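Q: Below is the file upload.txt, with compact mmCIF, C-alpha atoms.
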# COMPACT_ATOMS: atom_id res chain seq x y z
CA MET A 1 -34.23 -5.41 -7.15
CA LYS A 2 -36.46 -2.78 -8.75
CA VAL A 3 -35.11 0.61 -9.84
CA LEU A 4 -37.08 3.60 -11.11
CA VAL A 5 -35.19 6.09 -13.28
CA VAL A 6 -36.79 9.54 -13.20
CA ASP A 7 -35.06 11.62 -15.86
CA ASP A 8 -36.34 13.73 -18.77
CA SER A 9 -33.49 12.58 -21.01
CA GLY A 10 -34.40 9.47 -22.96
CA THR A 11 -30.71 8.88 -23.58
CA ILE A 12 -29.90 8.84 -19.85
CA ARG A 13 -32.86 6.54 -19.13
CA LYS A 14 -31.61 4.15 -21.80
CA ILE A 15 -27.97 4.25 -20.64
CA VAL A 16 -28.91 3.64 -17.01
CA ALA A 17 -31.25 0.78 -17.96
CA GLU A 18 -28.41 -0.77 -19.95
CA MET A 19 -25.90 -0.33 -17.08
CA LEU A 20 -28.26 -1.98 -14.60
CA LYS A 21 -29.79 -4.65 -16.78
CA THR A 22 -28.04 -7.57 -15.10
CA THR A 23 -28.68 -6.37 -11.54
CA ALA A 24 -32.12 -4.81 -11.55
CA GLN A 25 -35.54 -4.55 -13.11
CA VAL A 26 -35.55 -1.00 -14.44
CA GLU A 27 -38.67 1.19 -14.74
CA MET A 28 -38.68 4.69 -16.20
CA ALA A 29 -40.46 8.02 -15.80
CA GLU A 30 -39.80 11.17 -17.83
CA ASN A 31 -40.39 13.67 -15.04
CA GLY A 32 -41.06 13.89 -11.30
CA ALA A 33 -44.85 13.94 -11.65
CA VAL A 34 -44.88 10.74 -13.74
CA GLY A 35 -42.52 9.22 -11.17
CA ILE A 36 -44.82 10.08 -8.25
CA GLU A 37 -47.84 8.63 -10.09
CA PHE A 38 -45.88 5.46 -10.87
CA LEU A 39 -44.87 5.00 -7.22
CA LYS A 40 -48.44 5.53 -6.01
CA LYS A 41 -49.46 2.52 -8.09
CA ASN A 42 -46.20 0.56 -7.75
CA PRO A 43 -44.62 1.44 -4.42
CA ALA A 44 -42.42 -1.68 -4.30
CA VAL A 45 -39.38 0.07 -5.77
CA ASP A 46 -36.03 -0.27 -3.99
CA ILE A 47 -34.15 2.63 -5.53
CA VAL A 48 -35.23 5.80 -7.33
CA LEU A 49 -32.55 7.46 -9.48
CA LEU A 50 -33.66 11.08 -9.63
CA ASP A 51 -32.61 13.87 -11.98
CA TRP A 52 -32.63 17.46 -10.74
CA ASN A 53 -33.81 19.59 -13.67
CA MET A 54 -36.98 18.27 -15.31
CA PRO A 55 -40.21 19.79 -16.66
CA VAL A 56 -43.53 19.55 -14.76
CA LEU A 57 -41.98 18.41 -11.47
CA ASP A 58 -38.23 18.63 -10.84
CA GLY A 59 -36.05 16.62 -8.46
CA PRO A 60 -36.48 18.81 -5.34
CA GLY A 61 -40.24 18.92 -6.07
CA PHE A 62 -40.25 15.13 -6.25
CA LEU A 63 -38.41 14.90 -2.90
CA ALA A 64 -41.10 17.09 -1.32
CA GLN A 65 -44.05 15.24 -2.87
CA ILE A 66 -42.79 11.70 -2.27
CA LYS A 67 -43.51 12.29 1.42
CA THR A 68 -47.21 12.06 0.50
CA VAL A 69 -46.64 8.48 -0.75
CA PRO A 70 -45.90 6.64 2.51
CA GLN A 71 -46.29 3.24 0.86
CA PHE A 72 -42.98 3.91 -0.92
CA THR A 73 -40.20 2.90 1.48
CA GLY A 74 -37.28 2.71 -0.97
CA SER A 75 -34.27 5.01 -1.16
CA ILE A 76 -33.62 7.94 -3.47
CA ILE A 77 -30.32 8.61 -5.19
CA MET A 78 -29.90 11.94 -6.99
CA MET A 79 -28.36 11.63 -10.45
CA THR A 80 -27.66 15.04 -11.88
CA THR A 81 -25.21 17.55 -13.36
CA GLU A 82 -25.92 19.83 -10.38
CA ASN A 83 -22.75 19.39 -8.39
CA SER A 84 -22.33 22.31 -6.00
CA PRO A 85 -21.99 21.40 -2.30
CA GLU A 86 -25.01 23.64 -1.53
CA LYS A 87 -27.27 21.76 -3.93
CA ILE A 88 -25.94 18.39 -2.78
CA MET A 89 -26.55 19.29 0.88
CA SER A 90 -30.06 20.53 0.16
CA ALA A 91 -30.98 17.27 -1.61
CA LEU A 92 -29.56 15.21 1.27
CA GLU A 93 -31.54 17.32 3.74
CA LYS A 94 -34.70 16.71 1.72
CA GLY A 95 -34.21 12.96 2.01
CA ALA A 96 -31.93 11.77 -0.81
CA LYS A 97 -29.61 9.05 0.46
CA GLU A 98 -26.83 9.28 -2.10
CA TYR A 99 -25.74 11.50 -4.95
CA ILE A 100 -24.36 10.67 -8.38
CA MET A 101 -22.82 13.51 -10.34
CA LYS A 102 -23.10 13.31 -14.11
CA PRO A 103 -21.19 12.25 -16.09
CA PHE A 104 -20.62 8.93 -14.38
CA THR A 105 -19.54 5.42 -15.31
CA ALA A 106 -21.29 2.08 -14.81
CA ASP A 107 -19.04 1.12 -11.89
CA VAL A 108 -19.97 4.33 -10.04
CA LEU A 109 -23.69 3.76 -10.59
CA ILE A 110 -23.60 0.12 -9.49
CA ASP A 111 -21.35 0.95 -6.53
CA LYS A 112 -23.72 3.68 -5.27
CA VAL A 113 -26.82 1.52 -5.73
CA ASN A 114 -25.19 -1.34 -3.80
CA TYR A 115 -23.97 1.01 -1.09
CA VAL A 116 -27.46 2.37 -0.50
CA LEU A 117 -28.96 -1.13 -0.41
CA GLU A 118 -26.33 -2.23 2.15
CA GLN A 119 -26.97 0.84 4.29
CA ARG A 120 -30.67 0.00 4.30
CA LYS A 121 -29.99 -3.58 5.35
CA ALA A 122 -27.71 -2.38 8.14
CA SER A 123 -30.20 0.10 9.57
CA MET B 1 1.94 -11.66 -30.60
CA GLU B 2 3.14 -8.52 -32.32
CA HIS B 3 6.28 -6.84 -30.95
CA LYS B 4 6.91 -9.65 -28.46
CA GLY B 5 10.54 -8.56 -28.32
CA LEU B 6 9.42 -5.16 -27.00
CA TYR B 7 7.36 -6.77 -24.25
CA ASP B 8 10.34 -8.98 -23.32
CA ILE B 9 12.61 -5.96 -22.94
CA VAL B 10 10.06 -3.94 -20.97
CA ALA B 11 9.15 -6.83 -18.67
CA GLN B 12 12.82 -7.36 -17.91
CA VAL B 13 13.48 -3.66 -17.22
CA VAL B 14 10.45 -3.42 -14.95
CA ARG B 15 11.50 -6.58 -13.13
CA GLU B 16 15.07 -5.42 -12.58
CA ARG B 17 14.06 -2.02 -11.31
CA THR B 18 10.98 -2.76 -9.25
CA GLY B 19 10.85 -6.51 -8.73
CA ILE B 20 7.44 -6.53 -10.35
CA HIS B 21 7.17 -9.60 -12.50
CA TYR B 22 5.10 -9.63 -15.69
CA PRO B 23 5.22 -13.20 -17.03
CA GLU B 24 4.44 -13.70 -20.71
CA SER B 25 0.86 -14.65 -19.87
CA ASN B 26 0.37 -11.15 -18.38
CA TYR B 27 1.95 -9.21 -21.22
CA TYR B 28 -1.51 -7.99 -22.19
CA GLN B 29 -1.52 -5.91 -18.98
CA LEU B 30 1.42 -3.97 -20.34
CA GLU B 31 -0.20 -3.11 -23.65
CA SER B 32 -2.04 0.09 -22.71
CA ARG B 33 0.98 1.15 -20.68
CA LEU B 34 3.28 0.74 -23.65
CA VAL B 35 0.90 2.79 -25.78
CA GLN B 36 1.04 5.52 -23.11
CA LEU B 37 4.83 5.40 -23.19
CA GLN B 38 4.89 5.50 -26.99
CA LYS B 39 2.65 8.59 -26.99
CA PHE B 40 4.68 10.18 -24.21
CA LEU B 41 7.80 9.81 -26.36
CA GLY B 42 5.98 11.11 -29.44
CA LEU B 43 6.56 7.91 -31.42
CA GLU B 44 4.40 6.63 -34.27
CA GLY B 45 3.66 3.12 -33.02
CA LEU B 46 4.88 0.23 -30.90
CA GLY B 47 7.29 -0.69 -33.72
CA GLU B 48 9.15 2.58 -33.18
CA LEU B 49 9.02 2.08 -29.44
CA HIS B 50 10.60 -1.34 -29.97
CA GLN B 51 13.51 0.27 -31.78
CA VAL B 52 13.98 2.73 -28.93
CA ALA B 53 13.79 -0.06 -26.37
CA GLN B 54 16.47 -2.05 -28.17
CA LYS B 55 18.89 0.88 -27.82
CA GLY B 56 17.98 1.21 -24.14
CA PHE B 57 15.54 3.67 -22.56
CA GLU B 58 16.74 7.13 -21.59
CA LYS B 59 16.24 8.32 -18.03
CA GLU B 60 13.00 10.18 -18.66
CA ALA B 61 11.41 7.31 -20.60
CA LEU B 62 12.47 4.87 -17.93
CA ALA B 63 10.91 6.95 -15.16
CA PHE B 64 7.66 7.17 -17.10
CA LEU B 65 7.66 3.43 -17.80
CA LEU B 66 8.23 2.46 -14.16
CA ASP B 67 5.55 4.90 -13.20
CA VAL B 68 2.84 3.48 -15.44
CA ALA B 69 3.92 -0.12 -14.82
CA THR B 70 3.43 0.26 -11.04
CA ASN B 71 0.36 2.46 -11.07
CA ASN B 72 -2.95 0.77 -10.44
CA GLU B 73 -6.53 1.98 -10.35
CA THR B 74 -7.79 2.56 -6.88
CA SER B 75 -10.79 3.93 -5.05
CA PHE B 76 -11.71 5.32 -1.66
CA PHE B 77 -12.46 2.67 0.98
CA ARG B 78 -11.33 0.03 -1.50
CA ASP B 79 -12.93 -3.31 -0.54
CA GLN B 80 -14.60 -1.59 2.46
CA LYS B 81 -14.10 -4.51 4.88
CA PRO B 82 -10.48 -3.71 5.80
CA PHE B 83 -11.69 -0.31 6.95
CA ASN B 84 -14.29 -1.97 9.15
CA ALA B 85 -11.42 -4.04 10.58
CA LEU B 86 -9.37 -0.87 11.09
CA LYS B 87 -12.29 0.66 12.99
CA GLU B 88 -12.46 -2.42 15.25
CA ILE B 89 -8.73 -2.32 15.90
CA LEU B 90 -8.78 1.41 16.64
CA LEU B 91 -11.66 1.03 19.08
CA THR B 92 -10.45 -2.09 20.84
CA LYS B 93 -6.64 -1.73 20.84
CA PHE B 94 -5.56 1.80 20.14
CA ALA B 95 -8.33 4.08 21.43
CA ASP B 96 -6.15 5.57 24.18
CA LYS B 97 -2.90 5.53 22.29
CA LYS B 98 -0.73 8.61 22.59
CA ASP B 99 1.46 8.06 19.56
CA LEU B 100 -0.26 6.03 16.87
CA ARG B 101 1.92 5.46 13.83
CA ILE B 102 0.58 4.08 10.57
CA TRP B 103 2.40 3.34 7.31
CA SER B 104 0.65 3.20 3.96
CA ALA B 105 3.25 1.38 1.84
CA GLY B 106 2.39 1.79 -1.83
CA CYS B 107 -0.10 4.58 -1.22
CA SER B 108 -0.65 5.22 -4.94
CA ASN B 109 -2.89 8.25 -5.55
CA GLY B 110 -3.64 8.62 -1.85
CA GLN B 111 -7.19 7.31 -1.61
CA GLU B 112 -6.12 4.69 0.94
CA VAL B 113 -4.41 7.29 3.13
CA TYR B 114 -7.42 9.57 3.19
CA SER B 115 -9.74 6.61 3.78
CA ILE B 116 -7.63 5.66 6.83
CA LEU B 117 -7.82 9.25 8.06
CA MET B 118 -11.59 9.49 7.55
CA THR B 119 -12.02 6.19 9.42
CA ILE B 120 -10.01 7.58 12.34
CA SER B 121 -11.88 10.88 12.25
CA GLU B 122 -15.27 9.13 12.27
CA HIS B 123 -14.60 6.48 14.91
CA ALA B 124 -11.64 7.59 17.02
CA PRO B 125 -11.35 11.36 16.54
CA GLN B 126 -9.40 11.72 19.77
CA LEU B 127 -6.47 10.09 17.97
CA LEU B 128 -6.30 12.98 15.51
CA LYS B 129 -5.54 15.31 18.39
CA THR B 130 -2.73 13.17 19.78
CA ALA B 131 0.47 12.38 17.97
CA LEU B 132 -1.03 10.46 15.07
CA GLN B 133 1.45 10.15 12.27
CA ILE B 134 0.84 8.53 8.93
CA MET B 135 3.77 7.76 6.69
CA ALA B 136 2.61 7.45 3.09
CA THR B 137 5.10 6.11 0.59
CA ASP B 138 5.18 5.06 -3.03
CA ILE B 139 7.84 4.28 -5.61
CA SER B 140 6.31 6.76 -8.06
CA PRO B 141 6.90 10.50 -7.56
CA ARG B 142 4.00 11.25 -9.92
CA VAL B 143 1.36 9.49 -7.85
CA LEU B 144 2.86 10.89 -4.64
CA LYS B 145 2.47 14.41 -5.97
CA LYS B 146 -1.17 13.74 -6.75
CA ALA B 147 -1.72 12.04 -3.39
CA GLU B 148 -0.18 14.92 -1.49
CA SER B 149 -2.26 17.47 -3.39
CA GLY B 150 -5.39 15.72 -2.15
CA ILE B 151 -7.25 16.87 -5.27
CA TYR B 152 -9.49 14.40 -7.07
CA SER B 153 -11.71 14.60 -10.12
CA GLN B 154 -15.49 14.40 -9.88
CA LEU B 155 -15.33 10.81 -11.12
CA GLU B 156 -12.62 9.80 -8.64
CA VAL B 157 -14.55 11.05 -5.61
CA GLN B 158 -17.53 8.98 -6.71
CA ARG B 159 -15.53 5.76 -6.46
CA GLY B 160 -16.15 4.33 -3.01
CA LEU B 161 -16.66 7.62 -1.19
CA PRO B 162 -20.12 8.06 0.37
CA ILE B 163 -21.62 11.47 -0.41
CA GLN B 164 -21.81 12.41 3.29
CA MET B 165 -18.05 11.87 3.56
CA LEU B 166 -17.44 13.98 0.45
CA MET B 167 -19.45 16.82 1.99
CA LYS B 168 -17.69 16.54 5.32
CA TYR B 169 -14.08 16.15 4.30
CA PHE B 170 -13.73 17.81 0.87
CA THR B 171 -14.27 21.23 -0.67
CA GLN B 172 -15.09 21.87 -4.28
CA THR B 173 -12.38 23.65 -6.26
CA GLU B 174 -12.99 26.29 -8.94
CA ASP B 175 -12.60 23.75 -11.75
CA LYS B 176 -15.15 21.42 -10.11
CA SER B 177 -12.60 19.00 -8.73
CA TRP B 178 -12.64 18.15 -5.02
CA ALA B 179 -9.88 18.89 -2.51
CA VAL B 180 -9.31 17.17 0.82
CA LYS B 181 -9.74 19.67 3.65
CA GLY B 182 -6.53 20.79 5.34
CA PRO B 183 -6.96 19.28 8.82
CA LEU B 184 -7.27 15.79 7.36
CA LYS B 185 -3.87 16.17 5.67
CA THR B 186 -1.96 17.39 8.71
CA PRO B 187 -0.85 14.03 10.15
CA VAL B 188 0.58 12.73 6.86
CA LYS B 189 4.21 12.62 5.78
CA TRP B 190 4.75 11.71 2.13
CA GLY B 191 7.85 10.14 0.67
CA GLU B 192 9.32 8.11 -2.16
CA PHE B 193 10.16 4.59 -1.08
CA ASN B 194 11.21 1.46 -2.92
CA LEU B 195 10.19 -1.60 -0.92
CA LEU B 196 13.09 -3.60 -2.39
CA LYS B 197 15.80 -1.04 -1.76
CA GLY B 198 14.60 1.24 1.03
CA ILE B 199 15.77 1.10 4.62
CA PHE B 200 12.97 0.09 6.97
CA SER B 201 12.65 1.60 10.46
CA PRO B 202 12.58 -1.13 13.13
CA GLN B 203 9.56 -1.34 15.45
CA ALA B 204 8.24 1.96 14.18
CA TYR B 205 4.62 1.30 13.27
CA ASP B 206 1.42 0.16 14.93
CA ILE B 207 -0.30 -0.55 11.64
CA ILE B 208 1.05 -1.12 8.12
CA PHE B 209 -1.16 -1.08 5.04
CA CYS B 210 0.38 -2.73 1.98
CA ARG B 211 -2.55 -3.74 -0.16
CA ASN B 212 -2.34 -5.02 -3.72
CA VAL B 213 1.30 -4.03 -3.91
CA LEU B 214 3.06 -7.35 -3.33
CA ILE B 215 0.89 -9.25 -5.80
CA TYR B 216 3.23 -8.51 -8.68
CA GLN B 217 6.40 -9.43 -6.77
CA GLU B 218 8.14 -12.75 -7.05
CA VAL B 219 7.81 -15.14 -4.11
CA GLU B 220 11.31 -14.62 -2.70
CA LYS B 221 10.93 -10.85 -2.80
CA LYS B 222 7.50 -11.06 -1.17
CA LYS B 223 9.06 -13.06 1.66
CA GLU B 224 11.84 -10.53 2.08
CA ILE B 225 9.47 -7.55 2.15
CA LEU B 226 7.18 -9.31 4.62
CA ARG B 227 10.16 -10.04 6.88
CA ARG B 228 11.02 -6.33 6.84
CA PHE B 229 7.41 -5.32 7.54
CA TYR B 230 7.51 -7.67 10.51
CA GLU B 231 10.58 -5.91 11.83
CA SER B 232 9.03 -2.49 11.21
CA LEU B 233 5.94 -3.30 13.25
CA LYS B 234 5.81 -2.71 16.97
CA PRO B 235 4.92 -5.85 18.97
CA GLY B 236 1.16 -6.27 18.72
CA GLY B 237 1.05 -4.24 15.50
CA PHE B 238 -1.07 -5.12 12.48
CA LEU B 239 -0.39 -5.66 8.79
CA PHE B 240 -3.15 -5.26 6.19
CA VAL B 241 -2.64 -6.86 2.78
CA GLY B 242 -5.06 -6.84 -0.17
CA SER B 243 -8.35 -8.71 0.01
CA SER B 244 -7.17 -11.23 -2.56
CA GLU B 245 -3.77 -11.68 -0.91
CA ASN B 246 -2.66 -13.82 2.03
CA LEU B 247 0.61 -14.74 3.72
CA PHE B 248 0.17 -18.48 3.25
CA SER B 249 3.59 -20.06 2.62
CA LEU B 250 5.17 -16.59 2.61
CA SER B 251 5.58 -15.81 6.29
CA GLU B 252 5.04 -17.73 9.51
CA ASP B 253 5.92 -14.80 11.74
CA PHE B 254 2.50 -13.21 11.84
CA GLN B 255 -0.64 -14.39 13.61
CA SER B 256 -3.55 -14.38 11.20
CA GLN B 257 -6.69 -12.85 12.66
CA ARG B 258 -10.21 -12.53 11.39
CA ILE B 259 -11.50 -9.06 12.25
CA ALA B 260 -14.77 -7.69 10.84
CA GLU B 261 -14.75 -10.30 8.05
CA SER B 262 -11.22 -9.33 7.04
CA SER B 263 -7.94 -11.20 7.40
CA VAL B 264 -5.45 -9.08 9.31
CA TYR B 265 -1.93 -10.13 10.33
CA GLN B 266 -0.64 -9.34 13.78
CA LYS B 267 2.89 -9.34 15.10
CA PRO B 268 2.69 -11.20 18.43
CA GLU B 269 2.74 -9.05 21.58
CA ASN B 270 5.29 -11.24 23.28
CA GLN B 271 7.86 -12.36 20.82
CA VAL B 272 9.42 -15.73 21.42
CA ALA B 273 13.05 -15.80 20.42
CA LYS B 274 13.42 -18.01 17.41
CA ALA B 275 16.11 -20.59 17.07
CA GLY B 276 18.34 -20.10 14.04
As structure tokens, please, write out the structure in this file.
A:
Amino acid sequence: MKVLVVDDSGTIRKIVAEMLKTTAQVEMAENGAVGIEFLKKNPAVDIVLLDWNMPVLDGPGFLAQIKTVPQFTGSIIMMTTENSPEKIMSALEKGAKEYIMKPFTADVLIDKVNYVLEQRKAS
Amino acid sequence: MEHKGLYDIVAQVVRERTGIHYPESNYYQLESRLVQLQKFLGLEGLGELHQVAQKGFEKEALAFLLDVATNNETSFFRDQKPFNALKEILLTKFADKKDLRIWSAGCSNGQEVYSILMTISEHAPQLLKTALQIMATDISPRVLKKAESGIYSQLEVQRGLPIQMLMKYFTQTEDKSWAVKGPLKTPVKWGEFNLLKGIFSPQAYDIIFCRNVLIYQEVEKKKEILRRFYESLKPGGFLFVGSSENLFSLSEDFQSQRIAESSVYQKPENQVAKAG
């Protein structure tokens, strides 16, 4: 399994990579624009973990632009401190499949990643 | 080990009061609970707690101890598969039922109860409009209070609960916790119940959930509780136990069934009178 972490916090990228090290190959991007460029060249990513607030291109911007990269067929999980129902709903409407609210623990992260992978298999 | 005498006393008290058996090899499971109790009582360390234990615990300390000794971590849709089995059973056996009665025995913080309700709401919503009644019981008043409130922290709602379900069935509170929406709580009755001492209602339930509750009981007490569950089920009713549990050598009354990759135990529709 290949996971791309798109988050401007180096600490978060490192923590997530550590949490997933036994289950996934983890790639990283420091903002949405870098993430989009990465996926254009490497579309074979199963899960994108996407922050909301980032410079250059934020999470919602990424959700809009990823539609121009049809070779990417993976699933996107938001991973953010934004936790209002309105924001959550808007991200789901824009195509995110799951939502992780920071702060979170390793079991939550792994559980959500597995859940999304199972949903994909089932559909 | 340090303070073994303390562990001996506590294990014995817990066993006498709840039937839950902590053998010496599982004393480590009590450690964090004893530290909680020590802090609750404002004591300096486990040594002081040992002294208190030797004199006998007062009522308040005892209640706290039994509470933490029986309280286990849980999540929404724990193990997932039993809820797939519940969906199957609802759709194939109980879809037209006019008075569906379910018992969550050992409901802990309530995640199981709300997971049952969300399963019904998603797959057999007509049952919510009929006389669905869920009895949710636990030995601990503290967890019952939490369960009944239906309020969970941001971390708790991320354990096992898909985000779509969170959006559909919960509202965010002012302090950023999440509260179960009112309609989902309507069919539930909450109550304190000790499986060893309580009086069971005969042939009262269509489905009983008792998951990861009996694991700590001794064999004879497990058998006794299972016998009472059997009596409490209506003919054709189902018993769910934990994913790591089974009734092998504990009860021969139930028919084991494999439903949606889960083992579920059914009380036969037509009971044959047993000799003896």
Q: For chain A, report every residue with an atom at most 10 Å from chain B (counting all atoms listed in the file), formatted as a list in words.
A: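 Every residue of chain A that passes the 10 Å test is in Asn83, Ser84, Pro85, Glu86, Ile88, Met89, Leu92, Lys97, Glu98, Tyr99, Ile100, Met101, Lys102, Pro103, Phe104, Thr105, Asp107, Val108, Leu109, Asp111, Lys112, Tyr115 and Val116 of chain A.
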Q: Write out as a list in words which residues come within 10 Å of Asp7 of chain A when counting only C-alpha atoms, dropping same-chain ones fewer than 6 positions away.
A: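 Near neighbours after the sequence-gap exclusion: Arg13, Met28, Ala29, Glu30, Asn31, Gly32, Gly35, Leu49, Leu50, Asp51, Trp52, Asn53, Met54, Pro55, Asp58, Gly59, Met79 and Thr80 of chain A.
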Q: Here is a test: counting only C-alpha atoms, which residue of B:Gly237, B:Gly42, B:Pro82, B:Pro187 is nearest to Ala131 of chain B?
A: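 That would be B:Pro187, the residue with the smallest distance to Ala131 of chain B.
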Q: Pick out the closest residue to Lys67 of chain A from this set: A:Ile36, A:Met1, A:Val48, A:Ala106. Count all atoms listed in the file.
A: A:Ile36
Q: Just how far from atom CA of Pro43 of chain A is atom CA of Ser90 of chain A, in Å to one decimal?
A: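 Computing the Euclidean distance for atom CA of Ser90 of chain A and atom CA of Pro43 of chain A yields 24.4 Å.
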Q: How would you write as a PyMOL selection string the residues that get within 8 Å of (-11.8, 7.2, 1.9) in the file's frame, counting all atoms listed in the file?
A: chain B and resi 75-78+111-119+160-161+165
Q: Could the residues in this selection be saved with C-alpha atoms as a PDB file, keeping the file's coordinate frame?
A:
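The resulting file, part-v6.pdb, is shown below:
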ATOM      1  CA  SER B  75     -10.790   3.930  -5.050  1.00  0.00           C
ATOM      2  CA  PHE B  76     -11.710   5.320  -1.660  1.00  0.00           C
ATOM      3  CA  PHE B  77     -12.460   2.670   0.980  1.00  0.00           C
ATOM      4  CA  ARG B  78     -11.330   0.030  -1.500  1.00  0.00           C
ATOM      5  CA  GLN B 111      -7.190   7.310  -1.610  1.00  0.00           C
ATOM      6  CA  GLU B 112      -6.120   4.690   0.940  1.00  0.00           C
ATOM      7  CA  VAL B 113      -4.410   7.290   3.130  1.00  0.00           C
ATOM      8  CA  TYR B 114      -7.420   9.570   3.190  1.00  0.00           C
ATOM      9  CA  SER B 115      -9.740   6.610   3.780  1.00  0.00           C
ATOM     10  CA  ILE B 116      -7.630   5.660   6.830  1.00  0.00           C
ATOM     11  CA  LEU B 117      -7.820   9.250   8.060  1.00  0.00           C
ATOM     12  CA  MET B 118     -11.590   9.490   7.550  1.00  0.00           C
ATOM     13  CA  THR B 119     -12.020   6.190   9.420  1.00  0.00           C
ATOM     14  CA  GLY B 160     -16.150   4.330  -3.010  1.00  0.00           C
ATOM     15  CA  LEU B 161     -16.660   7.620  -1.190  1.00  0.00           C
ATOM     16  CA  MET B 165     -18.050  11.870   3.560  1.00  0.00           C
TER      17      MET B 165
END
Q: Report as JSON, numbers by chain all protein, DNA and RNA residues lying within 12 Å of Ser256 of chain B, evaluated on all atoms listed in the file, omitting residues in the same chain fewer than 2 positions from it.
A: {"B": [237, 238, 239, 240, 241, 246, 247, 248, 251, 252, 253, 254, 258, 259, 262, 263, 264, 265, 266, 267, 268]}
Q: What is the atom CA of Phe94 of chain B-atom CA of Glu122 of chain B distance in Å, reported with one decimal?
A: 14.5 Å
Q: Would you kindly return, as a VMD selection string, each protein, DNA or RNA residue with an atom no farther than 10 Å from any atom of Leu34 of chain B, considering only C-alpha atoms and excluding same-chain residues fewer than 2 positions away?
A: chain B and resid 6 to 7 10 29 to 32 36 to 40 45 to 46 49 to 50 65 68 to 69
Q: Box in all listed atoms of segment 71-90 of chain B, axis-aligned, with 8 Å more on each side; write out centre and edge lengths in Å to one decimal as AutoDock Vina command-line options.
A:
--center_x -7.1 --center_y 0.4 --center_z 2.8 --size_x 31.0 --size_y 25.8 --size_z 43.7
Q: Hey, can you check how far atom CA of Asp8 of chain B sits from atom CA of Tyr22 of chain B?
A: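 So the two atoms, atom CA of Asp8 of chain B and atom CA of Tyr22 of chain B, lie 9.3 Å apart.
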Q: Need to verify the contact set: Ala11 of chain B, 10 Å, all atoms listed in the file, exclusion of same-chain residues closer than 6 positions in sequence. Can you return it as a list in words?
A: Gly5, Ile20, His21, Tyr22, Pro23, Glu24, Asn26, Tyr27, Leu30 and Ala69 of chain B
Q: I'd like to know which of B:Arg211, B:His123, B:Lys4, B:Lys98 is closest to Ser25 of chain B, using only C-alpha atoms.
A: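 Of all the options, B:Lys4 lies closest to Ser25 of chain B.
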Q: Between A:Ala64, A:Val3, A:Ile110, A:Leu117, which is the closest to Glu93 of chain A once you count all atoms listed in the file?
A: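 Among A:Ala64, A:Val3, A:Ile110, A:Leu117, it is A:Ala64 that comes nearest to Glu93 of chain A.
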